[in-house]
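What's in final-v1.txt: compact mmCIF, C-alpha atoms
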```txt
# COMPACT_ATOMS: atom_id res chain seq x y z
CA MET Z 1 1.42 36.88 -1.73
CA THR Z 2 0.70 33.55 -0.14
CA GLY Z 3 -2.55 33.18 -2.10
CA ALA Z 4 -1.10 34.22 -5.42
CA TRP Z 5 -0.87 30.63 -6.62
CA THR Z 6 -4.65 30.35 -6.41
CA VAL Z 7 -5.06 33.33 -8.70
CA VAL Z 8 -2.65 31.73 -11.15
CA ALA Z 9 -4.43 28.39 -10.78
CA ARG Z 10 -7.83 29.93 -11.55
CA ARG Z 11 -6.49 31.60 -14.64
CA GLU Z 12 -4.75 28.44 -15.80
CA LEU Z 13 -7.86 26.35 -15.16
CA ALA Z 14 -9.92 28.74 -17.24
CA ASP Z 15 -7.35 28.61 -20.01
CA LEU Z 16 -7.28 24.83 -19.94
CA TRP Z 17 -10.98 24.06 -19.64
CA LEU Z 18 -12.72 27.05 -21.20
CA ARG Z 19 -10.34 28.10 -23.93
CA GLY Z 20 -7.91 25.20 -24.21
CA ARG Z 21 -7.71 21.48 -24.96
CA GLY Z 22 -8.83 20.14 -21.60
CA PHE Z 23 -12.21 18.83 -22.69
CA ALA Z 24 -10.89 17.59 -26.04
CA LEU Z 25 -8.28 15.51 -24.20
CA LEU Z 26 -10.96 14.24 -21.84
CA VAL Z 27 -13.26 13.17 -24.69
CA ALA Z 28 -10.40 11.27 -26.34
CA TYR Z 29 -9.53 9.67 -23.01
CA SER Z 30 -13.13 8.61 -22.39
CA MET Z 31 -13.28 7.05 -25.87
CA LEU Z 32 -10.16 5.05 -25.03
CA LEU Z 33 -11.75 3.81 -21.80
CA SER Z 34 -14.96 3.00 -23.70
CA ALA Z 35 -13.02 0.88 -26.18
CA THR Z 36 -11.12 -0.90 -23.39
CA THR Z 37 -14.27 -1.55 -21.38
CA TYR Z 38 -16.19 -2.80 -24.41
CA LEU Z 39 -13.43 -5.26 -25.28
CA VAL Z 40 -13.15 -6.75 -21.80
CA ALA Z 41 -16.90 -6.75 -21.18
CA THR Z 42 -17.80 -8.62 -24.36
CA ASN Z 43 -15.32 -11.43 -23.68
CA GLN Z 44 -17.65 -14.44 -23.50
CA ALA Z 45 -15.11 -16.66 -21.77
CA ILE Z 46 -14.63 -14.29 -18.85
CA ASN Z 47 -14.36 -16.02 -15.51
CA PHE Z 48 -13.99 -14.71 -12.01
CA ILE Z 49 -10.26 -14.00 -12.03
CA GLU Z 50 -10.45 -12.43 -15.44
CA GLN Z 51 -13.20 -10.11 -14.27
CA ARG Z 52 -10.92 -8.85 -11.53
CA GLU Z 53 -8.23 -8.44 -14.15
CA ALA Z 54 -10.69 -6.50 -16.32
CA VAL Z 55 -11.24 -4.05 -13.48
CA GLY Z 56 -7.50 -3.90 -12.87
CA LEU Z 57 -6.72 -3.30 -16.54
CA THR Z 58 -9.28 -0.49 -16.87
CA LEU Z 59 -7.97 1.11 -13.70
CA GLN Z 60 -4.36 0.87 -14.81
CA VAL Z 61 -5.22 2.45 -18.17
CA ALA Z 62 -7.08 5.24 -16.37
CA VAL Z 63 -4.20 5.89 -13.96
CA ALA Z 64 -1.47 5.74 -16.60
CA VAL Z 65 -3.27 7.93 -19.14
CA GLY Z 66 -4.53 10.33 -16.49
CA ALA Z 67 -1.00 10.83 -15.18
CA LEU Z 68 0.21 11.24 -18.76
CA LEU Z 69 -2.34 14.03 -19.34
CA SER Z 70 -1.01 15.87 -16.28
CA LEU Z 71 2.53 15.45 -17.60
CA LEU Z 72 1.56 16.85 -20.99
CA ALA Z 73 -0.08 19.90 -19.46
CA ALA Z 74 2.85 20.53 -17.10
CA ALA Z 75 5.47 20.03 -19.82
CA ASP Z 76 3.88 22.86 -21.79
CA ALA Z 77 3.14 25.07 -18.79
CA VAL Z 78 6.20 27.36 -18.80
CA SER Z 79 7.89 26.55 -22.11
CA GLY Z 80 4.54 27.12 -23.85
CA GLU Z 81 4.43 30.65 -22.43
CA ARG Z 82 7.97 31.08 -23.70
CA ASP Z 83 6.96 29.93 -27.19
CA ARG Z 84 3.94 32.24 -27.24
CA GLY Z 85 5.98 35.20 -26.02
CA SER Z 86 3.83 35.70 -22.93
CA LEU Z 87 6.39 34.58 -20.34
CA GLU Z 88 7.96 38.01 -20.05
CA ALA Z 89 4.67 39.61 -19.07
CA LEU Z 90 4.08 36.81 -16.58
CA LEU Z 91 7.50 37.26 -14.96
CA LEU Z 92 6.86 40.97 -14.57
CA THR Z 93 3.82 40.31 -12.34
CA PRO Z 94 4.40 40.48 -8.59
CA VAL Z 95 3.67 36.78 -8.24
CA PRO Z 96 6.58 34.84 -6.72
CA ARG Z 97 7.94 32.40 -9.27
CA ARG Z 98 7.34 29.36 -7.11
CA GLN Z 99 3.70 30.31 -6.73
CA LEU Z 100 3.47 30.89 -10.45
CA VAL Z 101 4.68 27.36 -11.08
CA ALA Z 102 2.50 25.96 -8.28
CA GLY Z 103 -0.61 27.50 -9.86
CA LYS Z 104 0.26 25.94 -13.20
CA GLY Z 105 0.86 22.61 -11.45
CA ALA Z 106 -2.61 22.74 -9.92
CA ALA Z 107 -4.14 23.22 -13.35
CA ALA Z 108 -2.15 20.27 -14.71
CA LEU Z 109 -3.37 18.09 -11.85
CA SER Z 110 -6.97 19.00 -12.64
CA LEU Z 111 -6.65 16.88 -15.79
CA TRP Z 112 -5.91 13.80 -13.65
CA LEU Z 113 -8.83 14.52 -11.32
CA ALA Z 114 -11.18 14.94 -14.27
CA ALA Z 115 -9.84 11.73 -15.81
CA PHE Z 116 -10.45 9.88 -12.55
CA VAL Z 117 -14.06 11.07 -12.38
CA VAL Z 118 -14.61 9.94 -15.98
CA ALA Z 119 -13.18 6.50 -15.14
CA LEU Z 120 -15.62 5.91 -12.25
CA PRO Z 121 -18.60 4.69 -14.33
CA TYR Z 122 -16.39 2.18 -16.15
CA VAL Z 123 -14.88 0.80 -12.95
CA TRP Z 124 -18.35 0.56 -11.41
CA PHE Z 125 -19.74 -1.24 -14.46
CA LEU Z 126 -16.99 -3.84 -14.49
CA GLY Z 127 -16.70 -4.37 -10.77
CA HIS Z 128 -20.10 -3.92 -9.12
CA GLY Z 129 -21.20 -7.48 -9.88
CA ILE Z 130 -18.30 -8.96 -7.91
CA GLY Z 131 -18.30 -6.34 -5.19
CA LEU Z 132 -15.15 -4.69 -6.48
CA VAL Z 133 -15.78 -0.96 -6.60
CA ALA Z 134 -14.64 0.70 -3.38
CA VAL Z 135 -11.21 -0.92 -3.38
CA PRO Z 136 -10.25 -0.05 -6.97
CA VAL Z 137 -11.67 3.46 -6.61
CA SER Z 138 -9.66 4.23 -3.48
CA ALA Z 139 -6.51 2.48 -4.69
CA GLY Z 140 -6.76 4.13 -8.10
CA LEU Z 141 -7.24 7.56 -6.55
CA ALA Z 142 -4.22 7.12 -4.29
CA VAL Z 143 -1.85 5.75 -6.93
CA GLY Z 144 -3.09 8.04 -9.70
CA THR Z 145 -2.75 11.15 -7.58
CA LEU Z 146 0.79 10.22 -6.57
CA LEU Z 147 1.83 9.50 -10.15
CA ALA Z 148 0.06 12.55 -11.57
CA ALA Z 149 1.66 14.81 -8.95
CA ALA Z 150 5.07 13.29 -9.64
CA PHE Z 151 4.77 13.64 -13.40
CA ALA Z 152 3.35 17.14 -13.13
CA GLY Z 153 6.28 18.18 -10.93
CA MET Z 154 8.74 16.63 -13.36
CA GLY Z 155 7.00 18.33 -16.30
CA LEU Z 156 7.10 21.71 -14.57
CA ALA Z 157 10.80 21.35 -13.74
CA VAL Z 158 11.69 20.42 -17.31
CA SER Z 159 9.35 23.05 -18.77
CA SER Z 160 10.93 25.79 -16.65
CA ALA Z 161 14.38 24.91 -17.90
CA ALA Z 162 13.65 24.01 -21.53
CA SER Z 163 13.96 26.71 -24.17
CA THR Z 164 10.95 25.48 -26.17
CA SER Z 165 7.91 23.27 -25.66
CA ARG Z 166 9.26 20.81 -28.19
CA VAL Z 167 12.39 20.21 -26.10
CA SER Z 168 10.33 20.03 -22.91
CA LEU Z 169 7.88 17.48 -24.31
CA ALA Z 170 10.69 15.41 -25.83
CA VAL Z 171 12.57 15.18 -22.54
CA CYS Z 172 9.42 14.34 -20.59
CA MET Z 173 8.39 11.65 -23.08
CA LEU Z 174 11.87 10.16 -22.94
CA VAL Z 175 11.75 9.93 -19.16
CA LEU Z 176 8.25 8.47 -19.30
CA LEU Z 177 9.29 5.84 -21.83
CA THR Z 178 12.29 4.94 -19.68
CA LEU Z 179 9.97 4.40 -16.74
CA TYR Z 180 7.46 2.48 -18.86
CA VAL Z 181 9.87 0.02 -20.52
CA PRO Z 182 10.18 -2.30 -17.47
CA THR Z 183 6.39 -2.83 -17.49
CA GLN Z 184 6.84 -4.68 -20.76
CA SER Z 185 9.55 -7.03 -19.45
CA PRO Z 186 8.82 -10.76 -19.50
CA VAL Z 187 7.67 -12.12 -16.14
CA GLY Z 188 10.96 -13.93 -15.58
CA ALA Z 189 12.93 -10.71 -15.86
CA THR Z 190 11.14 -9.22 -12.88
CA THR Z 191 11.71 -12.13 -10.50
CA GLY Z 192 14.62 -12.32 -8.11
CA TRP Z 193 15.97 -9.58 -5.90
CA ALA Z 194 17.32 -7.46 -8.77
CA GLY Z 195 14.06 -7.53 -10.70
CA GLU Z 196 12.02 -6.68 -7.65
CA LEU Z 197 14.41 -3.86 -6.74
CA LEU Z 198 14.05 -2.40 -10.21
CA GLN Z 199 10.27 -2.63 -9.95
CA ARG Z 200 10.19 -1.04 -6.51
CA PHE Z 201 12.41 1.92 -7.41
CA ASN Z 202 10.51 2.74 -10.59
CA PRO Z 203 7.53 4.84 -9.45
CA LEU Z 204 5.42 3.82 -12.44
CA THR Z 205 5.97 0.07 -12.12
CA ALA Z 206 5.68 0.28 -8.35
CA GLY Z 207 2.37 2.11 -8.53
CA LEU Z 208 0.89 -0.20 -11.16
CA HIS Z 209 2.16 -3.22 -9.23
CA PHE Z 210 0.41 -1.96 -6.11
CA LEU Z 211 -2.83 -1.63 -8.09
CA GLY Z 212 -2.47 -5.16 -9.45
CA ARG Z 213 -1.82 -6.67 -6.02
CA VAL Z 214 -4.69 -4.87 -4.35
CA VAL Z 215 -7.32 -5.00 -7.09
CA VAL Z 216 -6.55 -8.23 -8.97
CA ASP Z 217 -4.93 -10.37 -6.27
CA GLY Z 218 -7.12 -9.04 -3.48
CA HIS Z 219 -4.28 -8.22 -1.08
CA GLY Z 220 -4.74 -5.62 1.62
CA ALA Z 221 -3.59 -2.07 0.96
CA GLY Z 222 -1.58 -2.04 4.17
CA GLU Z 223 0.15 -5.25 3.19
CA GLU Z 224 1.33 -3.77 -0.11
CA ALA Z 225 1.83 -0.17 1.08
CA SER Z 226 5.62 -0.42 0.72
CA TRP Z 227 5.14 -0.35 -3.05
CA LEU Z 228 3.98 3.27 -2.75
CA ALA Z 229 7.33 4.40 -1.34
CA ALA Z 230 8.86 5.04 -4.76
CA PRO Z 231 5.91 7.08 -6.07
CA ALA Z 232 5.87 9.13 -2.86
CA LEU Z 233 9.63 9.75 -3.06
CA PHE Z 234 9.28 10.68 -6.71
CA VAL Z 235 6.60 13.22 -5.80
CA ALA Z 236 8.92 14.81 -3.25
CA ALA Z 237 11.86 14.85 -5.64
CA ALA Z 238 9.79 16.23 -8.52
CA ALA Z 239 8.27 18.92 -6.32
CA ALA Z 240 11.71 19.93 -5.09
CA ALA Z 241 13.04 20.00 -8.65
CA ALA Z 242 10.10 22.11 -9.77
CA GLY Z 243 10.71 24.51 -6.87
CA VAL Z 244 14.39 24.89 -7.70
CA ALA Z 245 13.63 25.32 -11.41
CA ALA Z 246 10.98 27.91 -10.58
CA GLN Z 247 13.45 29.94 -8.53
CA ARG Z 248 15.86 29.92 -11.45
CA LEU Z 249 13.19 30.65 -14.04
CA ARG Z 250 14.56 32.76 -16.86
CA LEU Z 251 13.02 34.27 -19.93
CA SER Z 252 14.95 32.01 -22.30
CA GLY Z 253 15.39 28.87 -20.30
CA VAL Z 254 18.77 27.46 -19.23
CA ARG Z 255 20.61 28.65 -22.29
CA GLU Z 256 20.25 32.38 -21.36
CA MET Q 1 36.40 -69.90 -11.50
CA THR Q 2 35.87 -70.52 -7.82
CA ALA Q 3 37.01 -66.96 -6.97
CA ARG Q 4 34.81 -65.59 -9.70
CA ARG Q 5 31.78 -67.52 -8.42
CA ALA Q 6 32.41 -66.34 -4.91
CA ALA Q 7 32.63 -62.74 -6.06
CA GLY Q 8 29.39 -63.13 -7.96
CA LEU Q 9 27.65 -64.58 -4.91
CA VAL Q 10 28.89 -61.77 -2.71
CA LEU Q 11 27.74 -59.22 -5.23
CA ALA Q 12 24.30 -60.83 -5.49
CA ALA Q 13 24.00 -60.91 -1.72
CA LEU Q 14 24.91 -57.27 -1.48
CA LEU Q 15 22.30 -56.37 -4.07
CA LEU Q 16 19.60 -58.38 -2.32
CA TRP Q 17 20.36 -57.01 1.11
CA ALA Q 18 21.11 -53.39 0.09
CA PRO Q 19 19.10 -51.40 2.60
CA GLY Q 20 15.92 -49.88 1.11
CA ALA Q 21 17.17 -50.23 -2.44
CA GLY Q 22 13.69 -51.14 -3.74
CA ALA Q 23 11.66 -50.06 -0.74
CA ALA Q 24 12.53 -46.29 -0.91
CA THR Q 25 10.61 -45.96 -4.18
CA ALA Q 26 7.36 -47.31 -2.72
CA PRO Q 27 4.77 -44.65 -3.42
CA PRO Q 28 2.60 -43.37 -0.55
CA GLN Q 29 -1.13 -43.84 -0.34
CA ILE Q 30 -2.90 -40.51 -0.80
CA THR Q 31 -6.33 -39.76 0.66
CA VAL Q 32 -8.38 -36.57 0.98
CA ASP Q 33 -10.65 -35.56 3.82
CA ARG Q 34 -13.70 -35.04 1.63
CA GLY Q 35 -15.10 -36.38 -1.60
CA SER Q 36 -17.00 -33.42 -2.98
CA VAL Q 37 -17.60 -29.70 -2.48
CA ALA Q 38 -20.34 -27.43 -3.82
CA ILE Q 39 -19.52 -23.73 -3.77
CA ARG Q 40 -20.12 -20.45 -5.56
CA LEU Q 41 -17.80 -18.83 -8.01
CA GLY Q 42 -15.18 -16.71 -6.28
CA THR Q 43 -15.29 -18.40 -2.88
CA SER Q 44 -12.33 -20.07 -1.20
CA PHE Q 45 -12.17 -23.39 0.58
CA ALA Q 46 -9.57 -25.69 2.05
CA PHE Q 47 -9.09 -29.43 2.24
CA THR Q 48 -6.50 -31.81 3.65
CA SER Q 49 -4.68 -34.57 1.85
CA THR Q 50 -2.83 -37.28 3.76
CA LEU Q 51 0.15 -39.18 2.42
CA ALA Q 52 0.58 -42.51 4.21
CA ALA Q 53 3.60 -44.75 3.88
CA GLY Q 54 3.09 -48.51 3.81
CA SER Q 55 5.33 -51.06 5.44
CA THR Q 56 8.42 -49.25 4.15
CA ALA Q 57 9.37 -45.62 4.39
CA THR Q 58 9.12 -43.36 1.39
CA GLY Q 59 11.89 -41.19 0.10
CA PRO Q 60 11.63 -37.42 -0.04
CA LEU Q 61 8.49 -36.47 -1.92
CA VAL Q 62 7.16 -33.56 -3.93
CA ALA Q 63 3.41 -33.20 -3.47
CA HIS Q 64 1.59 -31.31 -6.19
CA LEU Q 65 -1.98 -30.04 -6.47
CA ASN Q 66 -3.73 -30.38 -9.81
CA VAL Q 67 -6.96 -28.82 -11.02
CA VAL Q 68 -8.82 -30.01 -14.09
CA SER Q 69 -12.15 -29.03 -15.59
CA LEU Q 70 -14.52 -31.89 -16.34
CA ASP Q 71 -16.34 -29.64 -18.84
CA PRO Q 72 -14.44 -29.49 -22.15
CA ALA Q 73 -15.86 -26.02 -22.80
CA GLU Q 74 -14.45 -24.54 -19.60
CA TYR Q 75 -10.77 -23.62 -19.43
CA VAL Q 76 -9.04 -23.90 -16.08
CA ASP Q 77 -5.68 -22.38 -15.21
CA PRO Q 78 -4.52 -24.11 -11.99
CA GLU Q 79 -2.34 -21.12 -11.10
CA ASP Q 80 -5.50 -19.05 -10.69
CA TRP Q 81 -6.92 -21.58 -8.20
CA SER Q 82 -3.94 -21.72 -5.90
CA THR Q 83 -0.55 -20.04 -5.88
CA GLU Q 84 1.01 -22.67 -3.61
CA ARG Q 85 0.54 -25.92 -5.43
CA THR Q 86 3.84 -27.62 -4.76
CA ARG Q 87 5.11 -28.85 -1.37
CA TYR Q 88 8.47 -30.44 -0.69
CA LEU Q 89 8.24 -33.15 1.96
CA ASP Q 90 10.73 -35.11 4.03
CA PRO Q 91 10.54 -38.91 3.82
CA VAL Q 92 7.53 -40.45 5.51
CA GLU Q 93 8.55 -43.18 7.94
CA ALA Q 94 7.17 -46.68 7.60
CA GLY Q 95 3.61 -46.80 8.90
CA GLY Q 96 3.55 -43.02 9.26
CA SER Q 97 1.68 -40.30 7.44
CA ARG Q 98 1.97 -36.63 6.53
CA SER Q 99 -0.96 -34.25 6.14
CA ILE Q 100 -1.02 -31.22 3.86
CA ARG Q 101 -3.58 -28.45 4.02
CA TRP Q 102 -4.42 -26.93 0.62
CA SER Q 103 -6.25 -23.65 0.18
CA VAL Q 104 -7.91 -22.98 -3.17
CA LYS Q 105 -10.20 -20.38 -4.67
CA ALA Q 106 -12.89 -21.29 -7.19
CA VAL Q 107 -12.25 -19.02 -10.14
CA SER Q 108 -13.94 -21.13 -12.81
CA ALA Q 109 -17.51 -22.36 -12.92
CA GLY Q 110 -18.76 -25.89 -13.60
CA PRO Q 111 -17.62 -29.37 -12.61
CA ILE Q 112 -13.99 -29.40 -11.48
CA ALA Q 113 -11.76 -32.21 -10.21
CA ILE Q 114 -8.88 -31.52 -7.84
CA TYR Q 115 -6.34 -34.22 -7.09
CA VAL Q 116 -2.96 -34.51 -5.41
CA THR Q 117 0.07 -36.32 -6.75
CA ALA Q 118 3.30 -37.26 -5.01
CA VAL Q 119 6.47 -37.49 -7.06
CA PRO Q 120 9.70 -38.99 -5.66
CA ALA Q 121 12.06 -36.08 -5.10
CA GLY Q 122 14.85 -37.96 -6.87
CA GLY Q 123 12.75 -38.07 -10.00
CA ALA Q 124 12.80 -41.86 -10.26
CA GLY Q 125 10.04 -44.20 -9.19
CA PRO Q 126 6.28 -44.38 -9.49
CA ILE Q 127 4.09 -41.35 -8.96
CA ALA Q 128 1.32 -41.62 -6.41
CA VAL Q 129 -2.05 -40.18 -7.36
CA GLY Q 130 -4.82 -39.46 -4.91
CA PRO Q 131 -8.56 -39.71 -5.50
CA PRO Q 132 -10.25 -36.70 -7.10
CA LEU Q 133 -12.06 -34.12 -5.02
CA HIS Q 134 -15.17 -33.22 -7.01
CA VAL Q 135 -15.93 -29.52 -6.89
CA GLN Q 136 -19.16 -28.15 -8.34
CA VAL Q 137 -18.79 -24.40 -8.77
CA ALA Q 138 -22.02 -22.52 -9.28
CA ASP Q 139 -21.79 -19.87 -11.94
CA ARG Q 140 -22.50 -16.29 -11.06
CA ARG Q 141 -23.38 -14.11 -14.04
CA THR Q 142 -22.11 -10.78 -12.81
CA LEU Q 143 -21.32 -8.94 -16.00
CA ASN Q 144 -24.07 -7.86 -18.33
CA SER Q 145 -22.08 -7.36 -21.49
CA GLY Q 146 -25.24 -6.11 -23.13
CA GLY Q 147 -25.10 -2.99 -21.02
CA VAL Q 148 -21.62 -1.98 -22.05
CA VAL Q 149 -22.56 -0.35 -25.37
CA PRO Q 150 -24.80 2.32 -23.82
CA LEU Q 151 -22.08 3.03 -21.26
CA ALA Q 152 -19.34 3.18 -23.89
CA LEU Q 153 -21.34 5.69 -25.90
CA ALA Q 154 -22.87 7.67 -23.05
CA VAL Q 155 -19.73 8.66 -21.18
CA PRO Q 156 -17.88 10.31 -24.09
CA ALA Q 157 -21.15 11.93 -25.16
CA ALA Q 158 -21.70 13.26 -21.65
CA VAL Q 159 -18.18 14.69 -21.53
CA ALA Q 160 -18.73 16.37 -24.90
CA VAL Q 161 -22.06 17.84 -23.74
CA VAL Q 162 -20.44 19.19 -20.58
CA ALA Q 163 -17.65 20.68 -22.69
CA VAL Q 164 -20.07 22.47 -25.01
CA ALA Q 165 -22.26 23.68 -22.15
CA THR Q 166 -19.26 24.98 -20.20
CA ARG Q 167 -17.87 26.88 -23.16
CA ARG Q 168 -21.26 28.39 -23.97
CA ARG Q 169 -21.59 29.63 -20.40
CA ALA Q 170 -18.12 31.10 -20.52
CA HIS Q 171 -18.69 32.73 -23.92
CA PRO Q 172 -22.43 33.55 -24.16
```

As structure tokens, the full file:
Amino acid sequence: MTGAWTVVARRELADLWLRGRGFALLVAYSMLLSATTYLVATNQAINFIEQREAVGLTLQVAVAVGALLSLLAAADAVSGERDRGSLEALLLTPVPRRQLVAGKGAAALSLWLAAFVVALPYVWFLGHGIGLVAVPVSAGLAVGTLLAAAFAGMGLAVSSAASTSRVSLAVCMLVLLTLYVPTQSPVGATTGWAGELLQRFNPLTAGLHFLGRVVVDGHGAGEEASWLAAPALFVAAAAAAAGVAAQRLRLSGVRE
Amino acid sequence: MTARRAAGLVLAALLLWAPGAGAATAPPQITVDRGSVAIRLGTSFAFTSTLAAGSTATGPLVAHLNVVSLDPAEYVDPEDWSTERTRYLDPVEAGGSRSIRWSVKAVSAGPIAIYVTAVPAGGAGPIAVGPPLHVQVADRRTLNSGGVVPLALAVPAAVAVVAVATRRRAHP
């Protein structure tokens, strides 16, 4: 049953995009990017550095929201089936549980990929005049995919263990907020070895920092590649957690 | 009184002959290797400033790069032009000089003046100011804000159209 996850993925993709909220989420996301792009583009005092920052801001919004969409889909993936009473039927299929969860993870990741495609015209519009399209597109794809995969893995792990979708979403949002809080720290709080360590170990701040250095400051990707260590490690940890949770998947979650 | 006078004379002599007491605060002469630059917005360039001591050595100095817009309507943030604007220098010996290479990026358009100052590291004494380097940065209109409205409307509309078309194909 090595290809079973693809069967699950196709079914989940159909549920998400043909019968579910996939496109509705994407329309809302594109309206958010439209509002952001309109605000930065109509700034009459924009100068060169601010135009790079405009591209960076739009890209960071796209990456953060795209990863969030993947998290939302993953957090509801298993616990949602539990809520709807369809998990039992799913567990009775001959699909190995890890492949079941992997298929659902693929569907969750499709939201990030769709979000990235939607973001391309905005990044092109803001950056083509200063020759800043290829770099943000490639950097955004790399960072966004890492973060989306990490959040999807985390969402699947929590969803597999949580008794209801409400609990799953609450835990995932709490973790996301904990990761997001340092991005709002004053600049002085992030200087020094302790501040930098905190930034580097937080996959969200590390990924967004990498984007800022490469897109806004114009540094080389190789030069700043060490900032991607935390997101990559988080992907591995989240995938492992999702695998373990999938193996222990029960009808009623951890409280069975 | 005689002892007091003698003490006063000795004290005055010591003050007059104290080595470098007034001379260490002599500010250096600052020059730059060019008087003007004409470039395009977004390009980088470098220039050299030279700090020359006169007949007496200077003390330790702090050289600082400053950027100012000569157009009142144009805002300039010096941090955007260069991230290394402060250099800490050892004393310059009498008759000697020290050169500093500055690298800047033109991130604002219009007439700009760049100048270098040298502050005594002890914080006391006159500040040396070099001549301005006139930079004329040609504007480059790269963002057509008039085109953003069609984009902002078209993308969500396109996503909505794709959504409707996809669902209709799935459920004819």

Exercise. Show me which bits of chain Z are within 7 Å of chain Q, counting all atoms listed in the file, as an NGL selection string.
Key: :Z and (18 or 23 or 27 or 30-31 or 34 or 38 or 41-42 or 47-49 or 126 or 129-130)

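Minimum atom-to-atom distances from Z:Leu251, Z:Ala230, Z:Met173, Z:Val181 to Z:Met154 were compared using only C-alpha atoms, and the lowest value belongs to Z:Met173.
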
Practice problem: Record the distance separating atom CA of Q:Ala26 and atom CA of Q:Ala128, expressed in Å with one decimal. | Solution: 9.1 Å

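For the set Z:Val101, Z:Ala241, Z:Val78, Z:Leu59, the residue with the smallest atom-to-atom gap to Z:Val123 is Z:Leu59, counting only C-alpha atoms.
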
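Take atom CA of Z:Leu174 and atom CA of Z:Gly80: the distance between them is 18.5 Å.
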
Quiz item: atom CA of Q:Gln136 to atom CA of Q:Asp71: how many Å, to one decimal?
Solution: 11.0 Å

Missing atoms in stretch 237-254 of chain Z: fill them in up to N, CA and C atoms and send the result as a short mmCIF file (atom, residue, chain, number, x, y, z; two decimals), keeping the file's coordinate frame.
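Output (out_25.cif):
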```cif
data_model
loop_
_atom_site.label_atom_id
_atom_site.label_comp_id
_atom_site.auth_asym_id
_atom_site.auth_seq_id
_atom_site.Cartn_x
_atom_site.Cartn_y
_atom_site.Cartn_z
N ALA Z 237 10.72 14.43 -4.81
CA ALA Z 237 11.86 14.85 -5.64
C ALA Z 237 11.41 15.76 -6.77
N ALA Z 238 10.29 15.41 -7.41
CA ALA Z 238 9.79 16.23 -8.52
C ALA Z 238 9.35 17.60 -8.03
N ALA Z 239 8.70 17.63 -6.87
CA ALA Z 239 8.27 18.92 -6.32
C ALA Z 239 9.47 19.79 -5.98
N ALA Z 240 10.50 19.17 -5.41
CA ALA Z 240 11.71 19.93 -5.09
C ALA Z 240 12.38 20.45 -6.35
N ALA Z 241 12.44 19.59 -7.38
CA ALA Z 241 13.04 20.00 -8.65
C ALA Z 241 12.25 21.15 -9.27
N ALA Z 242 10.93 21.04 -9.21
CA ALA Z 242 10.10 22.11 -9.77
C ALA Z 242 10.31 23.41 -8.99
N GLY Z 243 10.47 23.31 -7.68
CA GLY Z 243 10.71 24.51 -6.87
C GLY Z 243 12.03 25.17 -7.21
N VAL Z 244 13.06 24.36 -7.35
CA VAL Z 244 14.39 24.89 -7.70
C VAL Z 244 14.34 25.51 -9.09
N ALA Z 245 13.72 24.81 -10.04
CA ALA Z 245 13.63 25.32 -11.41
C ALA Z 245 12.83 26.62 -11.45
N ALA Z 246 11.80 26.70 -10.62
CA ALA Z 246 10.98 27.91 -10.58
C ALA Z 246 11.80 29.10 -10.08
N GLN Z 247 12.61 28.86 -9.06
CA GLN Z 247 13.45 29.94 -8.53
C GLN Z 247 14.43 30.45 -9.57
N ARG Z 248 14.87 29.55 -10.45
CA ARG Z 248 15.86 29.92 -11.45
C ARG Z 248 15.22 30.22 -12.79
N LEU Z 249 13.92 30.43 -12.78
CA LEU Z 249 13.19 30.65 -14.04
C LEU Z 249 13.71 31.88 -14.76
N ARG Z 250 14.07 31.67 -16.03
CA ARG Z 250 14.56 32.76 -16.86
C ARG Z 250 13.69 32.89 -18.09
N LEU Z 251 13.84 34.00 -18.76
CA LEU Z 251 13.02 34.27 -19.93
C LEU Z 251 13.30 33.27 -21.05
N SER Z 252 14.59 32.86 -21.16
CA SER Z 252 14.95 32.01 -22.30
C SER Z 252 15.33 30.60 -21.88
N GLY Z 253 15.02 30.22 -20.71
CA GLY Z 253 15.39 28.87 -20.30
C GLY Z 253 16.83 28.80 -19.87
N VAL Z 254 17.43 27.61 -19.79
CA VAL Z 254 18.77 27.46 -19.23
C VAL Z 254 19.86 27.99 -20.13
#
```
